[in-house]
Each structure stands twice: as structure tokens, then as C-alpha cells.
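*Asks:* Submitted below is the structure of interest, expressed as C-alpha cells.
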Amino acid sequence: MRPPGPLPRHPLNGIRRRRDLPAPRSGNSLMQLMWLASPALPIGGFSYSECLEAAVDTARVATESGATEWLLDQLHLSLARGDLAVLAKAVPAWQRADHARIAELNAWVLQTRESSELRAQAEQMGRSLLEWLRNHTTARTEQIDTLAQLQPTYPLAFALAASACQATLRDCLLTFAFGWAENMVQAAIKSVPLGQSAGQRILSALTAEIPRAVDHALSLADSERQAFSPMLAILSAQHEVQYSRLFRS
């Protein structure tokens, strides 16, 4: 520990600051979650619209209100009952080193993706997040290797990253959902297209509903988890052969 004495002055502002005091644990957890939700995380989330682009192309979504309604439905009918529900089981599984449970949940994600491009998205983002984890201290090498052997998917990789944050399970799910919302709003802005103010209004509407979606996901048993979004599946299949597109899904 640093011996008593005058504190060093920072070269930029002259303010003395302590170097021997660790950051509060809760602050570290919050920063880790913010990092995982950041659009700057190099996992390629910005390159996917999750069929929103196909909905725009077929005139199902053409306005701000239409995009808002579409994304709210996707939040509650798809994300909450699928990926968020998986995450609610996967984070505790990583924390207790239940590798059989991890393999089961990862297989469920792979098997329930309803089109090739949606499955490719889950796999690509999972691999990218796993590679990101290899360069950080968030996960142990044996954990990373365990997931790498399973054809990793994004929800399971995110659960691994979040499991070491010492945050509540609910906060982990809120983070995942907000990161999804930011990416989808950007997809709406580019594909409808919409202005930045409209995007902020859509994000506000999603943010207001995310806690309810998370609570629903936390309440679901394994037998209640589902991935049944037939219109998304149809649009995804159409998007694969769409003539002109900006996004990979």
C-alpha cells in the first residue's frame, strides 16, 4: 500500500487523486454491464436488422409509429420469451459451473433459430464475443474453452461475460435487452429511414417496456420458453434473397 504522504497531482488538471484505493465493486459491475451493452463492442450487432429491413421492404413498416409497434412486439413476443429467458437460466449456470446446462441451453438456441440467417447471426455474434472475452479478464480460460467446443451462440457468450460482473440477474437481462434495443433502433433509422429524434423516441418507448419484458423472462420455466415468430421467419427467408439490402439479417 502507498505510504502516507501528499497525493500525486494529475498532469492534466493538477488535482490530487489516490491511486491506492480500489474502485467500488458495484461501480465495476456497472461499468462491465455498460461495456457489454455498448454498440462499440466489436461483435457485429450493428450489421443485423433481425428482419426489420425485410418488413420495411414489404411495406409492413413505413413510419416511426410502425417501427415502434414492430419492435415492441418483437421485444415481448420474441426476445422476452426466447433469448432473455435463456439468459435467465444461463447466467446462474455459468456461476455454478453447470456445463451440462450450458450445453443444453446453447443447443436450444441453435435449434430454435427459424432461418439460416438468424442462426448465422447467433453464431457469428457468439464467436465474436467469445474472441473478445479471450482478451479480457472477465471469463476464465476453461470457461471460454467449454463454450468454444459447443458452437457458441450469442446469448450463452453474453451470459458468460455477464456472470462475472457481480451484478444481479435482472440487471444482466436489462443490459442484454437495452443493447438489443439500441442496435434495432439504429437499424430502423437506416432502413425506414427515420431521423435521430424519431430514433430516440422509439428507444424511449422500448426502454419503458424492457423492465416488464425482463420480469416476464425471469418468470418463465423451461417448458414455457419458446421461439415461435412465424412472420419473422418468413421475412427472414425473404430477406436472404432480397435484391437490395443494408443488413445481414
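Every chain in the C-alpha cells has a letter given in the order shown (A, B, ...), and although residue numbers restart at 1 in each chain, ligands are simply numbered from 1 in the order shown.
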Contacts of A:His76 at 9 Å or less, counting only C-alpha atoms, minus same-chain residues fewer than 3 places along, as a ChimeraX atom specification?

*Replies:* /A:71-73,79-81,209-210,212-213,216

*Asks:* Write the residues of the preceding selection, restricted to C-alpha atoms, as a tab-separated table (two decimals), in the first residue's frame.

*Replies:*
```tsv
chain	number	residue	atom	x	y	z
A	71	LEU	CA	-40.05	-3.51	-32.15
A	72	LEU	CA	-42.29	-3.55	-29.07
A	73	ASP	CA	-43.97	-6.69	-30.39
A	79	LEU	CA	-36.91	-11.60	-27.21
A	80	ALA	CA	-38.56	-11.96	-23.79
A	81	ARG	CA	-39.81	-15.49	-24.42
A	209	GLU	CA	-41.16	-1.68	-21.74
A	210	ILE	CA	-37.86	-3.52	-21.22
A	212	ARG	CA	-41.65	-5.72	-17.96
A	213	ALA	CA	-40.17	-7.94	-20.67
A	216	HIS	CA	-41.63	-11.92	-17.82
```

*Asks:* Pull the closest atom pair for each residue of stretch 107-211 of chain A that gets at most 9 Å from stretch 218-231 of chain A, along with the distance in Å to one decimal, counting only C-alpha atoms, ordering rows by chain and then ascending residue number, as a Markdown table.

*Replies:*
```
| residue | atom | partner | partner_atom | distance |
| --- | --- | --- | --- | --- |
| A:Val109 | CA | A:Ala227 | CA | 8.8 |
| A:Thr112 | CA | A:Ala227 | CA | 6.0 |
| A:Arg113 | CA | A:Ala227 | CA | 7.5 |
| A:Glu114 | CA | A:Pro230 | CA | 8.2 |
| A:Leu169 | CA | A:Leu218 | CA | 8.8 |
| A:Arg170 | CA | A:Leu218 | CA | 7.7 |
| A:Leu173 | CA | A:Leu218 | CA | 8.7 |
```

*Asks:* Just asking: which residues within stretch 78-113 of chain A are alpha helix (DSSP H) according to DSSP, as a VMD selection string?

*Replies:* chain A and resid 83 to 95 99 to 112

*Asks:* Could you jot down the atom CA of A:Ala148 to atom CA of A:Ser78 separation for me, Å, one decimal place?

*Replies:*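 Pair atom CA of A:Ala148 / atom CA of A:Ser78 returns 25.9 Å.
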
*Asks:* Write out as a list of chain:residue names the residues lying within 10 Å of stretch 163-168 of chain A, counting only C-alpha atoms and excluding same-chain residues fewer than 6 positions away.

*Replies:*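 The neighbour list is A:Arg25, A:Ser26, A:Gly27, A:Asn28, A:Ser29, A:Leu30, A:Met31, A:Gln32, A:Leu33, A:Ala90, A:Val91, A:Pro92, A:Ala93, A:Trp94, A:Gln95, A:Arg96, A:Thr137, A:Thr138, A:Ala139, A:Arg140, A:Ala157, A:Leu174.
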
*Asks:* Grab the atom CA of A:Leu84 to atom CA of A:Leu160 distance for me, in Å with one decimal place.

*Replies:*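 Atom CA of A:Leu84 sits 13.8 Å away from atom CA of A:Leu160.
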
*Asks:* Would you please work out which residue, of A:Ala217, A:Val185, A:Ala198, A:Ala177, is nearest to A:Ser49 when using only C-alpha atoms?

*Replies:*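 Going through A:Ala217, A:Val185, A:Ala198, A:Ala177 one by one, the smallest distance to A:Ser49 is for A:Val185.
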
*Asks:* What is the atom CA of A:Pro42 to atom CA of A:Trp180 distance in Å?

*Replies:*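 Between atom CA of A:Pro42 and atom CA of A:Trp180 the gap works out to 14.1 Å.
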
*Asks:* Using only C-alpha atoms, find the one residue out of A:Ser236, A:Glu64, A:Ser47, A:Val214 that sits nearest to A:Pro193.

*Replies:*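 Ranked by minimum distance to A:Pro193, first place goes to A:Glu64.
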
*Asks:* Just checking: using only C-alpha atoms, which residue out of A:Leu36, A:Val192, A:Leu87, A:Ile234 ends up closest to A:Trp108?

*Replies:*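 Of A:Leu36, A:Val192, A:Leu87, A:Ile234, the one nearest A:Trp108 is A:Leu87, counting only C-alpha atoms.
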
*Asks:* Write out as a PyMOL selection string each polymer residue whose atoms come within 12 Å of A:Leu52, counting only C-alpha atoms; drop sequence neighbours fewer than 4 positions from it.

*Replies:* chain A and resi 47-48+56-62+66-71+73-74+183-193+231-236+238-239+245-249

*Asks:* Only C-alpha atoms, please: the residues just picked out, written as a JSON list (two decimals), in the first residue's frame.

*Replies:*
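selection.json written:
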```json
[["chain", "number", "residue", "atom", "x", "y", "z"],
["A", 47, "SER", "CA", -24.91, -5.26, -39.14],
["A", 48, "TYR", "CA", -28.20, -7.05, -38.36],
["A", 56, "VAL", "CA", -39.63, -2.21, -44.48],
["A", 57, "ASP", "CA", -39.09, -3.64, -47.97],
["A", 58, "THR", "CA", -42.55, -5.25, -47.93],
["A", 59, "ALA", "CA", -44.19, -2.05, -46.59],
["A", 60, "ARG", "CA", -45.14, -3.58, -43.24],
["A", 61, "VAL", "CA", -43.10, -0.88, -41.52],
["A", 62, "ALA", "CA", -43.02, 2.56, -43.10],
["A", 66, "GLY", "CA", -44.96, 1.41, -37.30],
["A", 67, "ALA", "CA", -41.33, 0.80, -36.33],
["A", 68, "THR", "CA", -42.15, 1.40, -32.66],
["A", 69, "GLU", "CA", -45.02, -1.06, -32.71],
["A", 70, "TRP", "CA", -42.96, -3.65, -34.58],
["A", 71, "LEU", "CA", -40.05, -3.51, -32.15],
["A", 73, "ASP", "CA", -43.97, -6.69, -30.39],
["A", 74, "GLN", "CA", -40.58, -8.24, -31.08],
["A", 183, "ASN", "CA", -29.00, -1.91, -32.31],
["A", 184, "MET", "CA", -32.59, -2.26, -33.52],
["A", 185, "VAL", "CA", -33.27, 1.45, -33.27],
["A", 186, "GLN", "CA", -30.22, 2.15, -35.41],
["A", 187, "ALA", "CA", -31.48, -0.42, -37.92],
["A", 188, "ALA", "CA", -34.84, 1.38, -38.01],
["A", 189, "ILE", "CA", -33.20, 4.77, -38.52],
["A", 190, "LYS", "CA", -31.24, 3.47, -41.50],
["A", 191, "SER", "CA", -33.86, 1.27, -43.16],
["A", 192, "VAL", "CA", -37.20, 3.12, -42.79],
["A", 193, "PRO", "CA", -35.46, 5.71, -42.81],
["A", 231, "MET", "CA", -43.78, -13.77, -39.57],
["A", 232, "LEU", "CA", -40.17, -13.09, -38.58],
["A", 233, "ALA", "CA", -39.20, -16.47, -40.02],
["A", 234, "ILE", "CA", -41.00, -15.76, -43.30],
["A", 235, "LEU", "CA", -39.47, -12.30, -43.60],
["A", 236, "SER", "CA", -36.04, -13.68, -42.78],
["A", 238, "GLN", "CA", -37.38, -13.47, -47.94],
["A", 239, "HIS", "CA", -34.54, -11.25, -46.76],
["A", 245, "ARG", "CA", -30.26, -4.67, -48.56],
["A", 246, "LEU", "CA", -28.05, -2.98, -45.98],
["A", 247, "PHE", "CA", -28.13, -5.63, -43.25],
["A", 248, "ARG", "CA", -27.11, -9.26, -42.90],
["A", 249, "SER", "CA", -30.48, -10.27, -41.44]]
```
